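Dropping upload-v4.pdb in here (PDB, C-alpha atoms):
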```pdb
MODEL        1
ATOM      1  CA  MET A  23     -34.660   9.838  27.886
ATOM      2  CA  ASP A  24     -32.661  10.649  24.754
ATOM      3  CA  THR A  25     -31.149  13.708  26.426
ATOM      4  CA  LYS A  26     -29.365  11.506  28.962
ATOM      5  CA  LYS A  27     -27.438   9.641  26.317
ATOM      6  CA  GLY A  28     -24.035  10.455  24.877
ATOM      7  CA  ASN A  29     -22.445  12.147  27.894
ATOM      8  CA  THR A  30     -19.380   9.887  28.094
ATOM      9  CA  GLY A  31     -16.377   9.662  25.799
ATOM     10  CA  TRP A  32     -16.706   7.619  22.644
ATOM     11  CA  SER A  33     -14.968   4.249  22.537
ATOM     12  CA  ASP A  34     -12.856   3.184  19.565
ATOM     13  CA  GLN A  35     -15.595   0.728  18.585
ATOM     14  CA  GLU A  36     -18.252   3.454  18.618
ATOM     15  CA  LEU A  37     -16.062   5.785  16.597
ATOM     16  CA  GLU A  38     -15.356   3.096  14.008
ATOM     17  CA  ALA A  39     -19.075   2.277  13.726
ATOM     18  CA  SER A  40     -19.834   5.930  12.998
ATOM     19  CA  VAL A  41     -17.045   6.092  10.383
ATOM     20  CA  ASP A  42     -18.338   2.901   8.727
ATOM     21  CA  ALA A  43     -21.840   4.385   8.519
ATOM     22  CA  TYR A  44     -20.445   7.632   7.087
ATOM     23  CA  LEU A  45     -18.450   5.735   4.445
ATOM     24  CA  LYS A  46     -21.517   3.710   3.530
ATOM     25  CA  MET A  47     -23.517   6.885   2.871
ATOM     26  CA  TRP A  48     -20.546   8.542   1.157
ATOM     27  CA  THR A  49     -20.195   5.583  -1.214
ATOM     28  CA  LEU A  50     -23.905   5.587  -2.019
ATOM     29  CA  GLU A  51     -23.888   9.333  -2.679
ATOM     30  CA  ARG A  52     -20.889   9.087  -5.019
ATOM     31  CA  SER A  53     -22.635   6.384  -7.025
ATOM     32  CA  GLY A  54     -25.856   8.412  -7.279
ATOM     33  CA  GLN A  55     -27.897   6.069  -5.089
ATOM     34  CA  ALA A  56     -30.522   7.422  -2.726
ATOM     35  CA  PHE A  57     -30.277   7.067   1.039
ATOM     36  CA  LYS A  58     -31.674   8.731   4.155
ATOM     37  CA  LYS A  59     -29.325  10.024   6.809
ATOM     38  CA  SER A  60     -32.088   9.685   9.387
ATOM     39  CA  ASP A  61     -32.389   5.971   8.631
ATOM     40  CA  GLU A  62     -28.662   5.435   9.113
ATOM     41  CA  ASN A  63     -28.809   7.410  12.357
ATOM     42  CA  ARG A  64     -31.643   5.196  13.586
ATOM     43  CA  LEU A  65     -29.814   1.998  12.620
ATOM     44  CA  LEU A  66     -26.787   3.137  14.592
ATOM     45  CA  ARG A  67     -28.929   3.885  17.657
ATOM     46  CA  GLU A  68     -30.557   0.478  17.361
ATOM     47  CA  GLY A  69     -27.166  -1.204  17.055
ATOM     48  CA  PRO A  70     -23.583  -0.294  17.965
ATOM     49  CA  LEU A  71     -24.433   3.247  19.144
ATOM     50  CA  ASN A  72     -27.442   2.353  21.286
ATOM     51  CA  LEU A  73     -26.035   4.464  24.125
ATOM     52  CA  ARG A  74     -25.849   7.578  21.952
ATOM     53  CA  SER A  75     -28.487  10.146  21.105
ATOM     54  CA  ALA A  76     -29.560  11.106  17.601
ATOM     55  CA  SER A  77     -28.016  14.550  18.037
ATOM     56  CA  SER A  78     -24.669  13.200  19.271
ATOM     57  CA  ILE A  79     -24.461  10.861  16.261
ATOM     58  CA  GLU A  80     -25.341  13.772  13.972
ATOM     59  CA  TYR A  81     -22.532  15.822  15.493
ATOM     60  CA  ARG A  82     -20.106  12.924  15.112
ATOM     61  CA  MET A  83     -20.929  12.804  11.392
ATOM     62  CA  GLN A  84     -20.132  16.521  11.225
ATOM     63  CA  ASN A  85     -16.781  15.741  12.882
ATOM     64  CA  ILE A  86     -16.063  13.202  10.155
ATOM     65  CA  SER A  87     -17.033  15.744   7.478
ATOM     66  CA  ALA A  88     -14.537  18.170   9.005
ATOM     67  CA  VAL A  89     -11.771  15.566   8.794
ATOM     68  CA  PHE A  90     -12.718  14.784   5.191
ATOM     69  CA  GLU A  91     -12.253  18.456   4.314
ATOM     70  CA  GLN A  92      -8.942  18.565   6.187
ATOM     71  CA  LEU A  93      -7.792  15.673   3.998
ATOM     72  CA  GLY A  94      -9.004  17.372   0.831
ATOM     73  CA  LEU A  95     -11.830  14.871   0.308
ATOM     74  CA  GLN A  96     -15.403  15.521  -0.793
ATOM     75  CA  ARG A  97     -17.706  15.217   2.213
ATOM     76  CA  ILE A  98     -21.295  13.999   2.251
ATOM     77  CA  THR A  99     -23.763  16.643   1.104
ATOM     78  CA  GLY A 100     -25.859  17.759   4.054
ATOM     79  CA  TYR A 101     -23.316  16.951   6.752
ATOM     80  CA  MET A 102     -21.694  20.321   7.311
ATOM     81  CA  PRO A 103     -18.244  20.082   8.921
ATOM     82  CA  ALA A 104     -18.126  20.795  12.638
ATOM     83  CA  LYS A 105     -16.556  24.176  13.336
ATOM     84  CA  ASN A 106     -14.734  23.241  16.520
ATOM     85  CA  ILE A 107     -13.248  19.768  16.248
ATOM     86  CA  GLY A 108     -10.522  18.962  18.722
ATOM     87  CA  ALA A 109      -7.128  17.729  17.573
ATOM     88  CA  GLY A 110      -7.598  14.515  19.544
ATOM     89  CA  VAL A 111     -10.913  13.680  17.888
ATOM     90  CA  SER A 112      -9.535  14.579  14.460
ATOM     91  CA  GLU A 113      -6.532  12.310  14.950
ATOM     92  CA  ARG A 114      -8.694   9.383  16.105
ATOM     93  CA  ILE A 115     -10.965   9.724  13.067
ATOM     94  CA  ARG A 116      -7.942   9.896  10.756
ATOM     95  CA  LYS A 117      -6.563   6.704  12.247
ATOM     96  CA  VAL A 118      -9.862   4.906  11.674
ATOM     97  CA  LEU A 119     -10.015   6.160   8.068
ATOM     98  CA  ALA A 120      -6.477   4.912   7.500
ATOM     99  CA  THR A 121      -7.674   1.343   8.184
ATOM    100  CA  LYS A 122     -10.276   1.428   5.395
ATOM    101  CA  PRO A 123      -8.788  -0.069   2.200
ATOM    102  CA  GLY A 124     -11.892   0.767   0.189
ATOM    103  CA  LEU A 125     -11.320   4.460   0.854
ATOM    104  CA  HIS A 126      -7.690   4.170  -0.255
ATOM    105  CA  ALA A 127      -8.666   2.506  -3.504
ATOM    106  CA  GLU A 128     -11.317   5.047  -4.457
ATOM    107  CA  LEU A 129      -9.594   8.246  -3.450
ATOM    108  CA  GLY A 130      -5.906   7.517  -3.188
ATOM    109  CA  LEU A 131      -5.744   8.510   0.452
ATOM    110  CA  ALA A 132      -2.036   7.860   0.764
ATOM    111  CA  ALA A 133      -1.430   8.835   4.368
ATOM    112  CA  VAL A 134      -3.215   9.844   7.512
ATOM    113  CA  ASP A 135      -1.060  12.909   8.083
ATOM    114  CA  LYS A 136      -1.569  14.826   4.852
ATOM    115  CA  PRO A 137       0.550  18.025   4.629
ATOM    116  CA  LEU A 138      -1.323  21.290   4.774
ATOM    117  CA  PRO A 139      -1.640  23.251   1.504
ATOM    118  CA  GLY A 140       1.720  24.784   0.631
ATOM    119  CA  GLU A 141       3.500  22.727   3.270
ATOM    120  CA  ARG A 142       6.250  20.321   2.222
ATOM    121  CA  PRO A 143       6.518  17.065   4.174
ATOM    122  CA  THR A 144       9.683  16.749   6.217
ATOM    123  CA  PHE A 145      11.422  13.591   7.366
ATOM    124  CA  SER A 146      13.986  13.181  10.098
ATOM    125  CA  LYS A 147      17.045  10.940   9.655
ATOM    126  CA  PRO A 148      17.253   8.148  10.490
ATOM    127  CA  PHE A 149      13.606   7.700   9.484
ATOM    128  CA  LEU A 150      12.961   4.921  12.026
ATOM    129  CA  VAL A 151      15.065   4.668  15.157
ATOM    130  CA  ILE A 152      13.056   1.896  16.820
ATOM    131  CA  GLU A 153      11.603  -0.968  14.828
ATOM    132  CA  PRO A 154       7.792  -0.880  15.163
ATOM    133  CA  GLN A 155       6.182  -3.862  16.869
ATOM    134  CA  GLY A 156       3.528  -4.247  14.176
ATOM    135  CA  ILE A 157       0.492  -6.494  14.629
ATOM    136  CA  LEU A 158       0.932 -10.233  15.140
ATOM    137  CA  ASN A 159      -2.676 -11.150  14.352
ATOM    138  CA  PRO A 160      -4.337  -8.369  12.313
ATOM    139  CA  ARG A 161      -8.057  -8.190  12.947
ATOM    140  CA  GLN A 162     -10.626  -8.184  10.199
ATOM    141  CA  LEU A 163     -12.170  -4.826   9.355
ATOM    142  CA  PHE A 164     -15.513  -3.938   7.836
ATOM    143  CA  THR A 165     -15.165  -1.922   4.644
ATOM    144  CA  VAL A 166     -17.702  -0.445   2.264
ATOM    145  CA  SER A 167     -17.060  -0.429  -1.465
ATOM    146  CA  LEU A 168     -18.977  -0.660  -4.698
ATOM    147  CA  SER A 169     -18.080  -2.692  -7.756
ATOM    148  CA  TYR A 170     -19.479  -2.508 -11.251
ATOM    149  CA  ALA A 171     -20.446  -5.230 -13.694
ATOM    150  CA  ARG A 172     -18.014  -5.070 -16.607
ATOM    151  CA  ALA A 173     -18.165  -6.560 -20.082
ATOM    152  CA  GLU A 174     -15.439  -9.189 -20.430
ATOM    153  CA  HIS A 175     -15.381  -8.840 -24.210
ATOM    154  CA  VAL A 176     -14.610  -5.121 -23.870
ATOM    155  CA  ARG A 177     -11.650  -5.867 -21.605
ATOM    156  CA  LYS A 178     -10.308  -8.496 -24.002
ATOM    157  CA  LEU A 179     -10.712  -6.236 -27.018
ATOM    158  CA  VAL A 180      -8.909  -3.330 -25.343
ATOM    159  CA  LEU A 181      -6.019  -5.640 -24.421
ATOM    160  CA  GLN A 182      -5.984  -6.892 -27.997
ATOM    161  CA  PHE A 183      -5.748  -3.318 -29.298
ATOM    162  CA  ALA A 184      -2.784  -2.666 -26.981
ATOM    163  CA  ASN A 185      -0.966  -5.827 -28.102
ATOM    164  CA  GLY A 186       1.174  -5.936 -24.960
ATOM    165  CA  ILE A 187       2.166  -2.251 -25.093
ATOM    166  CA  CYS A 188       1.012   0.210 -22.419
ATOM    167  CA  GLU A 189      -1.144   2.882 -24.032
ATOM    168  CA  GLY A 190       0.066   5.399 -21.463
ATOM    169  CA  CYS A 191       3.862   5.202 -21.673
ATOM    170  CA  ASP A 192       4.216   3.149 -24.888
ATOM    171  CA  LEU A 193       6.446   0.616 -23.123
ATOM    172  CA  PRO A 194       5.989  -3.168 -23.122
ATOM    173  CA  ALA A 195       4.029  -4.688 -20.245
ATOM    174  CA  PRO A 196       6.439  -5.019 -17.277
ATOM    175  CA  PHE A 197       5.812  -8.746 -16.788
ATOM    176  CA  ALA A 198       3.665 -11.673 -17.873
ATOM    177  CA  GLY A 199       0.561 -12.562 -15.891
ATOM    178  CA  VAL A 200      -0.307 -16.011 -14.552
ATOM    179  CA  ASP A 201      -1.908 -16.726 -17.931
ATOM    180  CA  GLY A 202       1.408 -16.087 -19.653
ATOM    181  CA  GLN A 203       0.124 -12.955 -21.404
ATOM    182  CA  PRO A 204       1.620  -9.447 -21.080
ATOM    183  CA  PHE A 205       0.149  -7.936 -17.921
ATOM    184  CA  LEU A 206      -1.789  -4.731 -18.547
ATOM    185  CA  GLU A 207      -4.760  -3.315 -16.643
ATOM    186  CA  VAL A 208      -7.862  -1.947 -18.332
ATOM    187  CA  HIS A 209      -8.610   1.566 -17.076
ATOM    188  CA  HIS A 210     -11.800   3.535 -17.719
ATOM    189  CA  VAL A 211     -10.740   7.054 -18.650
ATOM    190  CA  LYS A 212     -13.992   8.475 -17.319
ATOM    191  CA  HIS A 213     -14.413   6.420 -14.169
ATOM    192  CA  LEU A 214     -17.422   4.158 -13.856
ATOM    193  CA  ALA A 215     -18.206   5.884 -10.552
ATOM    194  CA  GLN A 216     -18.448   9.132 -12.548
ATOM    195  CA  LYS A 217     -21.034   7.551 -14.878
ATOM    196  CA  GLY A 218     -18.443   6.574 -17.468
ATOM    197  CA  SER A 219     -19.359   3.792 -19.892
ATOM    198  CA  ASP A 220     -17.820   0.341 -20.152
ATOM    199  CA  ARG A 221     -16.952   0.605 -23.845
ATOM    200  CA  THR A 222     -13.744   0.514 -25.851
ATOM    201  CA  THR A 223     -14.149   4.247 -26.505
ATOM    202  CA  ASN A 224     -13.693   4.877 -22.770
ATOM    203  CA  ALA A 225     -11.074   2.262 -21.893
ATOM    204  CA  VAL A 226      -7.319   1.923 -22.278
ATOM    205  CA  ALA A 227      -4.779  -0.769 -21.410
ATOM    206  CA  LEU A 228      -2.146   0.510 -18.983
ATOM    207  CA  CYS A 229       0.830  -0.860 -17.113
ATOM    208  CA  PRO A 230       0.365  -0.829 -13.306
ATOM    209  CA  ASN A 231       2.507   2.302 -13.003
ATOM    210  CA  CYS A 232       0.464   4.329 -15.500
ATOM    211  CA  HIS A 233      -2.767   2.969 -14.034
ATOM    212  CA  GLN A 234      -1.815   4.229 -10.582
ATOM    213  CA  ARG A 235      -0.700   7.508 -12.147
ATOM    214  CA  CYS A 236      -4.253   8.013 -13.439
ATOM    215  CA  HIS A 237      -5.619   7.636  -9.913
ATOM    216  CA  ARG A 238      -2.978   8.911  -7.507
ATOM    217  CA  SER A 239      -0.410  11.201  -9.117
ATOM    218  CA  SER A 240      -0.270  14.968  -8.808
ATOM    219  CA  ASP A 241      -0.505  15.235 -12.617
ATOM    220  CA  ARG A 242      -3.326  12.699 -13.056
ATOM    221  CA  GLU A 243      -5.622  15.197 -14.786
ATOM    222  CA  ALA A 244      -2.976  16.224 -17.337
ATOM    223  CA  PHE A 245      -1.939  12.608 -17.866
ATOM    224  CA  THR A 246      -5.550  11.560 -18.434
ATOM    225  CA  GLU A 247      -6.026  14.431 -20.873
ATOM    226  CA  GLY A 248      -3.022  13.176 -22.809
ATOM    227  CA  LEU A 249      -4.663   9.782 -23.281
ATOM    228  CA  TYR A 250      -7.384  11.384 -25.402
ATOM    229  CA  SER A 251      -4.687  12.764 -27.701
ATOM    230  CA  LYS A 252      -2.700   9.524 -27.929
ATOM    231  CA  VAL A 253      -5.404   6.881 -28.249
ATOM    232  CA  GLY A 254      -7.509   7.512 -31.333
ATOM    233  CA  ARG A 255     -10.482   5.334 -30.374
ATOM    234  CA  LEU A 256     -11.224   7.287 -27.186
ATOM    235  CA  ALA A 257     -14.262   9.556 -27.127
ATOM    236  CA  ARG A 258     -15.016  12.076 -24.417
ATOM    237  CA  GLU A 259     -18.108  11.383 -22.349
TER     238      GLU A 259
ENDMDL
END
```

Would you encode the structure as structure tokens?
Amino acid sequence: MDTKKGNTGWSDQELEASVDAYLKMWTLERSGQAFKKSDENRLLREGPLNLRSASSIEYRMQNISAVFEQLGLQRITGYMPAKNIGAGVSERIRKVLATKPGLHAELGLAAVDKPLPGERPTFSKPFLVIEPQGILNPRQLFTVSLSYARAEHVRKLVLQFANGICEGCDLPAPFAGVDGQPFLEVHHVKHLAQKGSDRTTNAVALCPNCHQRCHRSSDREAFTEGLYSKVGRLARE
């Protein structure tokens, strides 16, 4: 019977499988693609979570939503955050999320232990007393990410417009790429994941520092706004 399932503690493998499924749905939702939570629940019960009930998996997804909100991230619509999530469960979910490179790239999740609003991070000195052991043979991890088809001629034209000068800071490209050309990265001002177009009117050539600033800095919105003022070909979408 379904009611007999899910009475024991969740293993690390089970927890990671639930996080992977959540990230899959989260990625689809952000890109505007349809999916059914019930189908993902069923696939989990037919696979890595075959010892868990539908309701226990549903509650685990609510746990993950709660952690997303703790981290300041947009949760999946329809998965309300669990009201009473233990510190131990929250920490385990955070650790799993920290192993997902695709999540880092999309959201700029810089650290597992994000300071609370209004709280300044503190560091003890010396920062590390004991050298960490690290991992001798890192294991492969399953990640979920989406990529978009991009027009190569648009990228080349934007780089041509920049002529080796970053359109964010107006400084020369910091180094030459393997092709011998000034290294700049083409950035879509309105992100493709936000339904931005792949046209020269929505793309700029940036040095790696300015590119990361657009995605990860505390002033990314103001910096992005400034690009519209500096680069005449840009058009708001």

Requested in this report: Identify which of the residues A:Pro196, A:Gly110, A:Gly69, A:Pro103 lies closest to A:Cys232, counting only C-alpha atoms when measuring atom-to-atom distances.
Outcome: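 Among the listed residues, A:Pro196 lies closest to A:Cys232.
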
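Excluding A:Glu247 itself and same-chain residues fewer than 3 positions from it, the residues having an atom within 12 Å of it are A:Gly190, A:Val211, A:Lys212, A:Cys236, A:Asp241, A:Arg242, A:Glu243, A:Ala244, A:Tyr250, A:Ser251, A:Lys252, A:Val253, A:Leu256, A:Ala257, A:Arg258, counting all atoms listed in the file.
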
Query raised in the report: Of the candidates A:Lys46, A:Ala39, A:Arg52, A:Lys178, which one gets nearest to A:Arg67 if we count all atoms listed in the file?
Result: A:Ala39

Query raised in the report: So which residues are close to (-15.1, 5.8, -19.1), meaning at most 12 Å away in the file's coordinates with only C-alpha atoms counted, and can you show them as number ranges by chain?
Result: A: 172, 176, 208-226, 246, 249-250, 256-259

Keeping only C-alpha atoms, write the selected residues to a file as a short mmCIF file (atom, residue, chain, number, x, y, z; two decimals), in the coordinates of the input.
```
data_model
loop_
_atom_site.label_atom_id
_atom_site.label_comp_id
_atom_site.auth_asym_id
_atom_site.auth_seq_id
_atom_site.Cartn_x
_atom_site.Cartn_y
_atom_site.Cartn_z
CA ARG A 172 -18.01 -5.07 -16.61
CA VAL A 176 -14.61 -5.12 -23.87
CA VAL A 208 -7.86 -1.95 -18.33
CA HIS A 209 -8.61 1.57 -17.08
CA HIS A 210 -11.80 3.54 -17.72
CA VAL A 211 -10.74 7.05 -18.65
CA LYS A 212 -13.99 8.48 -17.32
CA HIS A 213 -14.41 6.42 -14.17
CA LEU A 214 -17.42 4.16 -13.86
CA ALA A 215 -18.21 5.88 -10.55
CA GLN A 216 -18.45 9.13 -12.55
CA LYS A 217 -21.03 7.55 -14.88
CA GLY A 218 -18.44 6.57 -17.47
CA SER A 219 -19.36 3.79 -19.89
CA ASP A 220 -17.82 0.34 -20.15
CA ARG A 221 -16.95 0.60 -23.84
CA THR A 222 -13.74 0.51 -25.85
CA THR A 223 -14.15 4.25 -26.50
CA ASN A 224 -13.69 4.88 -22.77
CA ALA A 225 -11.07 2.26 -21.89
CA VAL A 226 -7.32 1.92 -22.28
CA THR A 246 -5.55 11.56 -18.43
CA LEU A 249 -4.66 9.78 -23.28
CA TYR A 250 -7.38 11.38 -25.40
CA LEU A 256 -11.22 7.29 -27.19
CA ALA A 257 -14.26 9.56 -27.13
CA ARG A 258 -15.02 12.08 -24.42
CA GLU A 259 -18.11 11.38 -22.35
#
```

Requested in this report: Please measure the separation of atom CA of A:Cys188 and atom CA of A:Leu228, giving the value in Å to one decimal.
Outcome: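 Between atom CA of A:Cys188 and atom CA of A:Leu228 the gap works out to 4.7 Å.
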
Query - Atomic distance atom CA of A:Asp61 - atom CA of A:Leu37, expressed in Å with one decimal - result: 18.2 Å

Requested in this report: In Å, rounded to a single decimal, give me how far atom CA of A:Ala173 is from atom CA of A:Pro194.
Outcome: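 Rounded to one decimal, the two atoms are 24.6 Å apart.
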
Report task. Determine the residue membership of the PyMOL selection byres ((chain A and resi 205) around 8) for the file above and supply it as an MDAnalysis selection string. Result -> chainID A and resid 186 195:199 203:204 206:207 229

Under the PyMOL selection byres ((chain A and resi 118) around 10), which residues of this model are included? Write them out as a CSV table (one decimal) with C-alpha atoms, in the coordinates of the input.
```csv
chain,number,residue,atom,x,y,z
A,34,ASP,CA,-12.9,3.2,19.6
A,35,GLN,CA,-15.6,0.7,18.6
A,37,LEU,CA,-16.1,5.8,16.6
A,38,GLU,CA,-15.4,3.1,14.0
A,39,ALA,CA,-19.1,2.3,13.7
A,41,VAL,CA,-17.0,6.1,10.4
A,42,ASP,CA,-18.3,2.9,8.7
A,113,GLU,CA,-6.5,12.3,15.0
A,114,ARG,CA,-8.7,9.4,16.1
A,115,ILE,CA,-11.0,9.7,13.1
A,116,ARG,CA,-7.9,9.9,10.8
A,117,LYS,CA,-6.6,6.7,12.2
A,119,LEU,CA,-10.0,6.2,8.1
A,120,ALA,CA,-6.5,4.9,7.5
A,121,THR,CA,-7.7,1.3,8.2
A,122,LYS,CA,-10.3,1.4,5.4
A,134,VAL,CA,-3.2,9.8,7.5
```

Show me, as JSON, the centre and edge lengths in Å to one decimal of the axis-aligned box that covers every listed atom of stretch 79-83 of chain A with 6 Å on each side.
```
{"center_x": -22.7, "center_y": 13.3, "center_z": 13.8, "size_x": 17.2, "size_y": 17.0, "size_z": 16.9}
```

Could you please fill out stretch 179-208 of chain A with N, CA and C atoms and send it back as an mmCIF file, in the coordinates of the input?
```cif
data_model
loop_
_atom_site.group_PDB
_atom_site.id
_atom_site.type_symbol
_atom_site.label_atom_id
_atom_site.label_comp_id
_atom_site.auth_asym_id
_atom_site.auth_seq_id
_atom_site.Cartn_x
_atom_site.Cartn_y
_atom_site.Cartn_z
ATOM 1 N N LEU A 179 -10.946 -6.980 -25.786
ATOM 2 C CA LEU A 179 -10.712 -6.236 -27.018
ATOM 3 C C LEU A 179 -9.724 -5.096 -26.796
ATOM 4 N N VAL A 180 -9.837 -4.418 -25.655
ATOM 5 C CA VAL A 180 -8.909 -3.330 -25.343
ATOM 6 C C VAL A 180 -7.487 -3.876 -25.213
ATOM 7 N N LEU A 181 -7.341 -5.019 -24.543
ATOM 8 C CA LEU A 181 -6.019 -5.640 -24.421
ATOM 9 C C LEU A 181 -5.491 -6.067 -25.782
ATOM 10 N N GLN A 182 -6.386 -6.498 -26.645
ATOM 11 C CA GLN A 182 -5.984 -6.892 -27.997
ATOM 12 C C GLN A 182 -5.483 -5.681 -28.772
ATOM 13 N N PHE A 183 -6.185 -4.552 -28.643
ATOM 14 C CA PHE A 183 -5.748 -3.318 -29.298
ATOM 15 C C PHE A 183 -4.332 -2.939 -28.842
ATOM 16 N N ALA A 184 -4.076 -3.086 -27.540
ATOM 17 C CA ALA A 184 -2.784 -2.666 -26.981
ATOM 18 C C ALA A 184 -1.653 -3.586 -27.423
ATOM 19 N N ASN A 185 -1.958 -4.856 -27.620
ATOM 20 C CA ASN A 185 -0.966 -5.827 -28.102
ATOM 21 C C ASN A 185 0.284 -5.862 -27.216
ATOM 22 N N GLY A 186 0.061 -5.821 -25.899
ATOM 23 C CA GLY A 186 1.174 -5.936 -24.960
ATOM 24 C C GLY A 186 1.930 -4.661 -24.690
ATOM 25 N N ILE A 187 1.497 -3.547 -25.274
ATOM 26 C CA ILE A 187 2.166 -2.251 -25.093
ATOM 27 C C ILE A 187 1.256 -1.320 -24.296
ATOM 28 N N CYS A 188 1.789 -0.732 -23.232
ATOM 29 C CA CYS A 188 1.012 0.210 -22.419
ATOM 30 C C CYS A 188 0.616 1.411 -23.269
ATOM 31 N N GLU A 189 -0.661 1.752 -23.242
ATOM 32 C CA GLU A 189 -1.144 2.882 -24.032
ATOM 33 C C GLU A 189 -0.890 4.217 -23.339
ATOM 34 N N GLY A 190 -0.286 4.167 -22.151
ATOM 35 C CA GLY A 190 0.066 5.399 -21.463
ATOM 36 C C GLY A 190 1.501 5.818 -21.722
ATOM 37 N N CYS A 191 2.436 4.881 -21.529
ATOM 38 C CA CYS A 191 3.862 5.202 -21.673
ATOM 39 C C CYS A 191 4.500 4.580 -22.910
ATOM 40 N N ASP A 192 3.736 3.785 -23.653
ATOM 41 C CA ASP A 192 4.216 3.149 -24.888
ATOM 42 C C ASP A 192 5.344 2.147 -24.654
ATOM 43 N N LEU A 193 5.438 1.623 -23.432
ATOM 44 C CA LEU A 193 6.446 0.616 -23.123
ATOM 45 C C LEU A 193 5.791 -0.757 -23.018
ATOM 46 N N PRO A 194 6.558 -1.823 -23.249
ATOM 47 C CA PRO A 194 5.989 -3.168 -23.122
ATOM 48 C C PRO A 194 5.501 -3.428 -21.703
ATOM 49 N N ALA A 195 4.516 -4.302 -21.571
ATOM 50 C CA ALA A 195 4.029 -4.688 -20.245
ATOM 51 C C ALA A 195 5.212 -5.140 -19.387
ATOM 52 N N PRO A 196 5.255 -4.756 -18.108
ATOM 53 C CA PRO A 196 6.439 -5.019 -17.277
ATOM 54 C C PRO A 196 6.676 -6.486 -16.963
ATOM 55 N N PHE A 197 5.646 -7.319 -17.065
ATOM 56 C CA PHE A 197 5.812 -8.746 -16.788
ATOM 57 C C PHE A 197 4.640 -9.505 -17.392
ATOM 58 N N ALA A 198 4.745 -10.819 -17.378
ATOM 59 C CA ALA A 198 3.665 -11.673 -17.873
ATOM 60 C C ALA A 198 2.787 -12.093 -16.707
ATOM 61 N N GLY A 199 1.483 -12.139 -16.930
ATOM 62 C CA GLY A 199 0.561 -12.562 -15.891
ATOM 63 C C GLY A 199 0.576 -14.069 -15.722
ATOM 64 N N VAL A 200 -0.259 -14.571 -14.807
ATOM 65 C CA VAL A 200 -0.307 -16.011 -14.552
ATOM 66 C C VAL A 200 -0.780 -16.778 -15.784
ATOM 67 N N ASP A 201 -1.452 -16.076 -16.699
ATOM 68 C CA ASP A 201 -1.908 -16.726 -17.931
ATOM 69 C C ASP A 201 -0.842 -16.711 -19.021
ATOM 70 N N GLY A 202 0.321 -16.136 -18.692
ATOM 71 C CA GLY A 202 1.408 -16.087 -19.653
ATOM 72 C C GLY A 202 1.348 -14.915 -20.609
ATOM 73 N N GLN A 203 0.292 -14.103 -20.512
ATOM 74 C CA GLN A 203 0.124 -12.955 -21.404
ATOM 75 C C GLN A 203 0.717 -11.692 -20.783
ATOM 76 N N PRO A 204 1.119 -10.718 -21.614
ATOM 77 C CA PRO A 204 1.620 -9.447 -21.080
ATOM 78 C C PRO A 204 0.599 -8.840 -20.123
ATOM 79 N N PHE A 205 1.066 -8.433 -18.942
ATOM 80 C CA PHE A 205 0.149 -7.936 -17.921
ATOM 81 C C PHE A 205 -0.107 -6.445 -18.094
ATOM 82 N N LEU A 206 -1.323 -6.114 -18.479
ATOM 83 C CA LEU A 206 -1.789 -4.731 -18.547
ATOM 84 C C LEU A 206 -3.151 -4.666 -17.876
ATOM 85 N N GLU A 207 -3.485 -3.501 -17.332
ATOM 86 C CA GLU A 207 -4.760 -3.315 -16.643
ATOM 87 C C GLU A 207 -5.655 -2.397 -17.470
ATOM 88 N N VAL A 208 -6.915 -2.764 -17.573
ATOM 89 C CA VAL A 208 -7.862 -1.947 -18.332
ATOM 90 C C VAL A 208 -8.393 -0.842 -17.422
#
```
